[in-house]
Each structure stands twice: as structure tokens, then as C-alpha cells.
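Trainee: Dumping the structure here so I can ask a few things about it.
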Amino acid sequence: MDDDAREVRAGRSGLIVRVPEAEPLVRAWRERLDPSAAAGVPAHVTVLFPFLDASRLDEGVCAAIGEVMGRHASFEARFDRCGRFPGVLYLAPETGAGFRSLTEAIVERWPEHPPFGGRFDEVVPHLTVAQGQDEAVVEKAEADLLAGLPVVTRVSAVDLLVHDGTRWRRRAAFPLMYPGFSG
């Protein structure tokens, strides 16, 4: 969901993992430095964006997302460092394997929707804090974030967000399987 806010149109959707445990550390920085925060997107790791247009999100699609996500066990994620892409500061999970597995499963089901529209060769799980900011501001944010790490969360659901033309809104949540439960 790291799209420039100016490019987002009504009807766009995406799948994310919310990371509420990161909010105390990142909220103030995201509100200032990440346009998606102002549009209602919580601290998160993107599973798949862009996804289906909202007009296609019917009960059958939601059931299919639930089935795909329900085959994956919940897991712990530990964000223990910062990372950078050009113009982006983010929190990086210790291992991105669980997040990548969720993305791969959704893309396997909907191959016509590659992550970030196919713009990148590799999907790097991350929690964006700042984008398109002055380097001095990003360095200050990074120093502050490093002092507050690690952030640990239990990933137990994937949320479907839809843009209504102004803000992102949660349409549905899809639980992951509880570890040790075989159905």
C-alpha cells in the first residue's frame, strides 16, 4: 500500500497485515511522513497491492481469500531494524518468510495481480514509515525508530482494504490458522 497518495483511486483494494504493536513507535512519524497514514492505512506490511477492483469483491472472492489465508498458520514477526528503498524508510522484519508465504499464496490464486503491479523483481516485506522525504528528516526518524526497536507482533489475520476515493477502509479480515490446529 506504498502507492503515492495522488495515484490512488476509488475502488482500489489491497491486502495487508496490520501491526498494531508498532503504532506507538511509528504513528507520529507516519502521520508526518507517509501519505498512506493520512488516508487511513494503519501500520502494516503489504501482502498484495494492488488487488482486485472493489466492484469484483463479492462473497465468492472473499470466501476464496479466506480459504487461501486459512491454510496458513499464524506466526510471530519481530521488527528489529530499519531498512531503506530509494525514497522510503521502513521497519524490517527479522525474517520476511511468513509474509512472503502469504503473498505467494494470494498471487498463486490471482496471478493476474502481481505485487506492486510487477514493478519489482523481489517482494521485500516491510512496514513503511516515510516516503519521499528529505534525507535529514529520514535520518532523524530512523534514529528515533532504532531506539524503540524491536517491535514484536503475532500475525493472525490479513485485512482487505478498499479505497473509497478519500480514505482506505477495512472491508474484511481473514484469520490465519491457529498453530497446531489442523482443521
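Ordering of the C-alpha cells sets the chain letters (A, B, ...); residue numbers start at 1 within each chain; ligands are numbered from 1 in the order shown.
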Name the residues in contact with Val88 (chain A) at a cut-off of 12 Å, using only C-alpha atoms, excluding same-chain residues fewer than 5 positions from it; report them as a PyMOL selection string.

Mentor: chain A and resi 2-4+30+33-35+82-83+126-135+137-139+141-142

Trainee: What's around Val41 (chain A) at 12 Å? Count only C-alpha atoms, leave out sequence neighbours fewer than 2 positions away in its own chain, and write the answer as a ChimeraX atom specification.

Mentor: /A:1-3,5,13-20,23,27,30-31,34-39,43-46,127-129,159-163,166-170

Trainee: Please identify which residues in chain A DSSP calls alpha helix (DSSP H) from the backbone, and express them as an NGL selection string.

Mentor: :A and (23-33 or 35-38 or 59-70 or 97-109 or 135-148)

Trainee: For a quick check of understanding, using only C-alpha atoms, which of A:Ala172, A:Val151, A:Leu48, A:Val124 has the smallest distance to Ala105 (chain A)?

Mentor: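 For Ala105 (chain A), the nearest of the candidates is A:Leu48.
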
Trainee: Set out as CSV a contact list for region 53-95 of chain A and region 175-179 of chain A with a cut-off of 6 Å, giving each residue of region 53-95 of chain A that qualifies its closest atom pair and distance in Å to one decimal, counting only C-alpha atoms, ordered by chain and rising residue number.

Mentor:
residue,atom,partner,partner_atom,distance
A:Met69,CA,A:Leu176,CA,5.5
A:Gly70,CA,A:Leu176,CA,4.7
A:His72,CA,A:Leu176,CA,5.5
A:Ala73,CA,A:Met177,CA,4.4
A:Ser74,CA,A:Leu176,CA,5.3

Trainee: Given the choices A:Leu52, A:Ala92, A:Ala173, A:Ala63, which gets closest to Pro114 (chain A) if the distance is worked out from only C-alpha atoms?

Mentor: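 Among the listed residues, A:Leu52 lies closest to Pro114 (chain A).
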
Trainee: For the atom pair CA of Arg100 (chain A) and CA of Asp53 (chain A), what is the interatomic distance in Å to one decimal place?

Mentor: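 The value is 22.4 Å.
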
Trainee: In Å, rounded to a single decimal, give me how far CA of Pro125 (chain A) is from CA of Ala143 (chain A).

Mentor: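 Atom-to-atom, CA of Ala143 (chain A) to CA of Pro125 (chain A), that is 20.8 Å.
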
Trainee: Compare A:Val158, A:Asp144, A:Glu122, A:Val152 by their minimum atom-to-atom distance to Glu76 (chain A), counting only C-alpha atoms, and give me the closest one.

Mentor: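 Ranked by minimum distance to Glu76 (chain A), first place goes to A:Val152.
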
Trainee: What parts of region 65-109 of chain A does DSSP call strand (DSSP E or B)? I'd like the answer as a list in words.

Mentor: Ala73, Phe75, Glu76, Ala77, Arg78, Phe79, Asp80, Arg81, Cys82, Gly83, Arg84, Phe85, Val88, Leu89, Tyr90, Leu91, Ala92 and Pro93 of chain A

Trainee: Would you save the residues from that selection as a PDB file, in the first residue's frame, using C-alpha atoms?

Mentor:
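See out-v3.pdb below for the written result:
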ATOM      1  CA  ALA A  73      -0.600 -20.701  10.365  1.00  0.00           C
ATOM      2  CA  PHE A  75       3.190 -16.545  13.209  1.00  0.00           C
ATOM      3  CA  GLU A  76       5.275 -14.146  15.236  1.00  0.00           C
ATOM      4  CA  ALA A  77       7.049 -11.314  13.455  1.00  0.00           C
ATOM      5  CA  ARG A  78       9.868  -9.341  15.028  1.00  0.00           C
ATOM      6  CA  PHE A  79      10.836  -5.986  13.522  1.00  0.00           C
ATOM      7  CA  ASP A  80      14.390  -5.421  14.701  1.00  0.00           C
ATOM      8  CA  ARG A  81      15.946  -2.969  12.250  1.00  0.00           C
ATOM      9  CA  CYS A  82      15.263  -0.209   9.769  1.00  0.00           C
ATOM     10  CA  GLY A  83      15.783  -0.516   6.046  1.00  0.00           C
ATOM     11  CA  ARG A  84      15.680   1.746   3.024  1.00  0.00           C
ATOM     12  CA  PHE A  85      14.477   1.687  -0.535  1.00  0.00           C
ATOM     13  CA  VAL A  88      11.483   5.031   1.583  1.00  0.00           C
ATOM     14  CA  LEU A  89      12.318   4.318   5.242  1.00  0.00           C
ATOM     15  CA  TYR A  90      10.811   1.180   6.738  1.00  0.00           C
ATOM     16  CA  LEU A  91      10.913  -1.258   9.626  1.00  0.00           C
ATOM     17  CA  ALA A  92      12.200  -4.644   8.533  1.00  0.00           C
ATOM     18  CA  PRO A  93      11.072  -7.952   9.984  1.00  0.00           C
TER      19      PRO A  93
END

Trainee: Identify which of the residues A:Leu146, A:Ala157, A:Ala10, A:Val123 lies closest to Ser55 (chain A), counting only C-alpha atoms when measuring atom-to-atom distances.

Mentor: A:Ala10

Trainee: Name the residues in contact with Arg9 (chain A) at a cut-off of 8 Å, using only C-alpha atoms, excluding same-chain residues fewer than 3 positions from it; report them as a list in words.

Mentor: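 Returned residues: Arg12, His163, Asp164 and Gly165 of chain A.
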
Trainee: Could you take the residues named above and write them with N, CA and C atoms, as an mmCIF file, in the first residue's frame?

Mentor:
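Dumped everything to result34.cif:
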data_model
loop_
_atom_site.group_PDB
_atom_site.id
_atom_site.type_symbol
_atom_site.label_atom_id
_atom_site.label_comp_id
_atom_site.auth_asym_id
_atom_site.auth_seq_id
_atom_site.Cartn_x
_atom_site.Cartn_y
_atom_site.Cartn_z
ATOM 1 N N ARG A 12 -9.836 0.913 -5.561
ATOM 2 C CA ARG A 12 -8.616 0.117 -5.429
ATOM 3 C C ARG A 12 -8.698 -0.693 -4.156
ATOM 4 N N HIS A 163 -10.217 1.488 -1.110
ATOM 5 C CA HIS A 163 -10.172 2.949 -1.131
ATOM 6 C C HIS A 163 -11.509 3.485 -1.628
ATOM 7 N N ASP A 164 -12.101 4.406 -0.849
ATOM 8 C CA ASP A 164 -13.423 4.932 -1.213
ATOM 9 C C ASP A 164 -13.354 6.248 -1.995
ATOM 10 N N GLY A 165 -12.162 6.637 -2.388
ATOM 11 C CA GLY A 165 -11.967 7.903 -3.095
ATOM 12 C C GLY A 165 -11.298 8.939 -2.216
#

Trainee: Expressed in Å to a single decimal, how great is the separation between CA of Gly96 (chain A) and CA of Arg71 (chain A)?

Mentor: 17.9 Å

Trainee: Please determine, counting only C-alpha atoms, which residue among A:Leu145, A:Ile106, A:Val8, A:Ala97 has the shortest atom-to-atom distance to Cys62 (chain A).

Mentor: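 The shortest atom-to-atom distance to Cys62 (chain A) comes from A:Ile106.
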
Trainee: Which residue gives the smallest distance to Ala22 (chain A) among A:Ala136, A:Leu149, A:Val68, A:Leu102, with only C-alpha atoms counted?

Mentor: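 Residue with the minimum atom-to-atom distance to Ala22 (chain A): A:Leu149.
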